[in-house]
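Here is the structure we will look at.
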Amino acid sequence: MNALASEIVRDTGAVSAADLARGGRFTGTIGDITTPDPRMVCREVNVWYGAKQAIKDVSLDIGKNQVVAMIGPSGCGKSTFLRCLNRMNDTIAGCRVRGSIKLDGQEIYDKSMDPVPLRAQVGMVFQKPNPFPKSIYENIVYGPRIHGLTNSKAELDELVETSLRKAGLWNEVKDRLDQPGTGLSGGQQQRLCIARTIAVSPEVILMDEPCSALDPIATAIIEELIDELRENYAIAIVTHSMQQAARVSQRTAYFHLGDLVEVGETNQIFTNPQHKLTEDYITGRFG
Amino acid sequence: MADQRDLPAHPARTGGHTVRGFDRDLTHLLDLILEMGERAVEQTQGAIAALLDGDPSTAYRVLDREPQIDYLALDADEEVFQVIARRQPTAVDLRIVLALGRIAAEAERAGDKAARIAQRALELHETGAEVPGPVLEAVRTLDEIACCAFQRSVSAVAQFDIALAIGVFEDESALYAAAEALNAALLGPTGDPLPASQLAPLLSIAHSLERIGDHGAAIAEQVIYVAEGTDVRFRNREILIDTLRHRGAPGQGTE
């Protein structure tokens, strides 16, 4: 807690969660979970895998034109939370989700909500590049076709070029669009997957360790791309690389044993975290 | 309501990393800085002893040893550079590395001031004239306060101890009062005016001692920066001391 906060605590007679956190106990999320222009609003989200609770009362906003990084040790629930945001957990047997997750004010776990269009609005990029075993062109147009977003070949051609340009891949593949996507390098495949996600005009892009299978150069290209994509989308990224979280995000959320321990401006989290658990983790003292 | 001072604290520390090499790097850097600080104190005490005792050999010894602090400062700079490049410190580790780099610069400058005092002591010795007793007494008082402040700030660095750092801030008024008293003894209306050959080096010594105390306060600011994560340079001292006191420094009121 900085000196100014101390003054406030002294004046109001309050004992803040930050004070208690100095001892390393979880006593509620520290930091501002809200953001001025949220695309997604999550409140008191709980997730169980069978009898085991993976997420406990997590509340967090995913802001427009913003990258929020989710960090924490393995098993802390960060990927589980990410997968809740487009109902990917629906596919896991025994997984139960309770709480409220709204996309532009609409409850995504409402019975009337169809998860297929939801996953177009909230796209996802996975750890390992997973292009379809089809041509580069077909990889891009597959989503728009099944969602009925385009009518003509000309529109599809334009969409392919636009998506690949946004993903920073157009100049590298424009002369071989008919070749298999799986023939590209790992970094190019990941950008193809990002282009495929962009092609269905999402509002939010979820990324689950998108660079962990890539070399440093390909990682840098993806990170630059994430920064560019931020102008048009809300992005939530799970990463095990704290340097990556520090480089690409504006907000960082630290998870520990299913709790959202601390959330704040990335600059603050990496220079002066308020919770001892956060500090121990990002300084390599965890465990 | 629980008293804030009863709440647990997690003081800044260099150890505890999963990668123990990181602990060793930070501890090595901290040891370098503490050695610089201790040498700066020894140099200051030696320089003042040369003045008070009128012993030129002591002054020469101080001047001979001055480069050692410079070399330590170069080592500390290199270590800071290496730790940043190899460990990419964050949060409290980053603050520790940045603060220790700044503290090294303060200690190196304090060492320069000690050497300057030794040089002026030699100049005074060469004049052959005796320095008046009241002036020497005022020098002794200022030296004790300045050295004590600097020594305390170095001790604060060892544990990033906020309470010791606050003590340095609290002693600043005594430092400035002693500096004023020495200047009054040198320039005041009482007694016979000193010749320029004595006055100039004594004024330089007074200024150097006061600056050594200031370096101590600057080091204490860095201790607060590490422990609290707040840069307190250029803050009003009275408000700062009051704020830090209410914060409840580690070791004060804690179990």
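How things are named: the first chain in the structure tokens is A, the next is B, and so on; residues count from 1 in each chain; ligands count from 1 in the order shown.
Residues lying within 7 Å of segment 84-101 of chain A, counting only C-alpha atoms and ignoring same-chain neighbours fewer than 2 positions away, are Met40, Val41, Cys42, Arg43, Glu44, Val45, Asn46, Val47, Trp48, Tyr49, Gly50, Thr80, Phe81, Leu82, Leu103, Glu107, Ile108, Pro115, Leu118, Arg119 and Val122 of chain A.
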When you look at Ala12 of chain B with a cut-off of 9 Å (counting only C-alpha atoms), what residues show up, excluding the ones that are within fewer than 6 positions of it in the same chain? I need them as a PyMOL selection string. chain B and resi 92-93+96+159-161+226-228
Extract, using only C-alpha atoms, all DNA, RNA and protein residues at most 12 Å from segment 73-83 of chain B, discarding same-chain residues fewer than 6 positions from it, and format them as a PyMOL selection string. chain B and resi 21-37+39-40+66-67+89-90+93-112
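When the distance limit is 8 Å and only C-alpha atoms are what count, the residues near Gln198 of chain B, minus those fewer than 5 positions from it on the same chain, are Leu124, Thr127, Ala129 and Val131 of chain B.
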Please determine, counting only C-alpha atoms, which residue among B:Gln119, B:Thr14, B:Asn183, B:Thr243 has the shortest atom-to-atom distance to Thr44 of chain B. B:Gln119
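Within the 9 Å cut-off around segment 157-174 of chain A, using only C-alpha atoms and omitting residues fewer than 5 positions from it on the same chain, the listed residues are Ile136, Tyr137, Glu138, Ile140, Val141, Pro144, Thr150, Ser152, Gln179, Leu184, Gln188, Arg191, Leu192, Cys193, Ile194, Ala195, Arg196, Thr197, Ile198, Ala199, Ile221, Ile222, Leu225, Ile226, Glu228 and Leu229 of chain A.
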Quick one: residues within 10 Å of Asp280 of chain A, only C-alpha atoms, excluding same-chain residues fewer than 4 positions away - as a list in words? Gly24, Pro273, His275, Lys276, Gly284, Arg285, Phe286 and Gly287 of chain A; Gly16, His17, Thr18, Ala91 and Val92 of chain B
Among segment 173-270 of chain A, which ones does DSSP assign to strand (DSSP E) (computed from the backbone)? Answer as a compact mmCIF listing (two decimals) with N, CA and C atoms, in the first residue's frame.
# COMPACT_ATOMS: atom_id res chain seq x y z
N VAL A 204 -14.94 -9.99 -29.23
CA VAL A 204 -13.93 -10.34 -28.23
C VAL A 204 -13.08 -11.48 -28.79
N ILE A 205 -11.76 -11.39 -28.56
CA ILE A 205 -10.87 -12.50 -28.94
C ILE A 205 -10.22 -13.04 -27.67
N LEU A 206 -10.39 -14.34 -27.48
CA LEU A 206 -9.76 -15.01 -26.34
C LEU A 206 -8.51 -15.73 -26.85
N MET A 207 -7.43 -15.62 -26.10
CA MET A 207 -6.19 -16.29 -26.51
C MET A 207 -5.66 -17.09 -25.33
N ASP A 208 -5.53 -18.40 -25.57
CA ASP A 208 -5.05 -19.28 -24.50
C ASP A 208 -3.61 -19.68 -24.79
N ALA A 234 -11.88 -6.40 -28.14
CA ALA A 234 -11.50 -6.64 -26.74
C ALA A 234 -10.75 -7.97 -26.71
N ILE A 235 -9.64 -8.01 -26.01
CA ILE A 235 -8.81 -9.22 -26.02
C ILE A 235 -8.54 -9.67 -24.59
N ALA A 236 -8.72 -10.98 -24.37
CA ALA A 236 -8.32 -11.57 -23.09
C ALA A 236 -7.31 -12.66 -23.41
N ILE A 237 -6.17 -12.62 -22.74
CA ILE A 237 -5.10 -13.57 -23.05
C ILE A 237 -4.63 -14.26 -21.77
N VAL A 238 -4.52 -15.57 -21.86
CA VAL A 238 -3.91 -16.34 -20.78
C VAL A 238 -2.47 -16.63 -21.19
N ARG A 251 -4.27 -4.37 -18.73
CA ARG A 251 -4.68 -4.80 -17.39
C ARG A 251 -4.21 -6.22 -17.16
N THR A 252 -3.91 -6.52 -15.92
CA THR A 252 -3.47 -7.88 -15.60
C THR A 252 -4.28 -8.39 -14.41
N ALA A 253 -4.67 -9.67 -14.53
CA ALA A 253 -5.42 -10.31 -13.45
C ALA A 253 -4.60 -11.51 -12.96
N TYR A 254 -4.39 -11.58 -11.66
CA TYR A 254 -3.61 -12.68 -11.10
C TYR A 254 -4.55 -13.67 -10.40
N PHE A 255 -4.51 -14.92 -10.83
CA PHE A 255 -5.34 -15.99 -10.27
C PHE A 255 -4.48 -16.90 -9.39
N HIS A 256 -5.12 -17.39 -8.31
CA HIS A 256 -4.41 -18.31 -7.41
C HIS A 256 -5.44 -19.25 -6.78
N ASP A 259 -9.05 -18.38 -7.08
CA ASP A 259 -9.44 -17.01 -6.68
C ASP A 259 -8.80 -16.00 -7.62
N LEU A 260 -9.55 -14.93 -7.91
CA LEU A 260 -8.93 -13.79 -8.58
C LEU A 260 -8.34 -12.91 -7.47
N VAL A 261 -7.05 -13.02 -7.29
CA VAL A 261 -6.40 -12.37 -6.15
C VAL A 261 -6.28 -10.87 -6.35
N GLU A 262 -5.82 -10.49 -7.54
CA GLU A 262 -5.57 -9.06 -7.76
C GLU A 262 -5.75 -8.74 -9.23
N VAL A 263 -6.32 -7.59 -9.49
CA VAL A 263 -6.42 -7.10 -10.86
C VAL A 263 -6.07 -5.62 -10.85
N GLY A 264 -5.37 -5.19 -11.87
CA GLY A 264 -4.99 -3.78 -11.91
C GLY A 264 -4.32 -3.43 -13.22
N GLU A 265 -3.94 -2.16 -13.32
CA GLU A 265 -3.17 -1.72 -14.48
C GLU A 265 -1.90 -2.56 -14.54
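Atom CA of Asn232 of chain A sits 12.9 Å away from atom CA of Gln121 of chain A.
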Between atom CA of Arg39 of chain A and atom CA of Ile62 of chain A - distance in Å to one decimal: 5.7 Å
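Using only C-alpha atoms for every distance, the candidate list A:Glu209, A:Asp215, A:Val68, A:Arg25 yields A:Arg25 as the residue closest to chain B.
Nearest residue to chain B, choosing from A:Met242, A:Ala51, A:Met124, A:Val248 and counting only C-alpha atoms: A:Met242.
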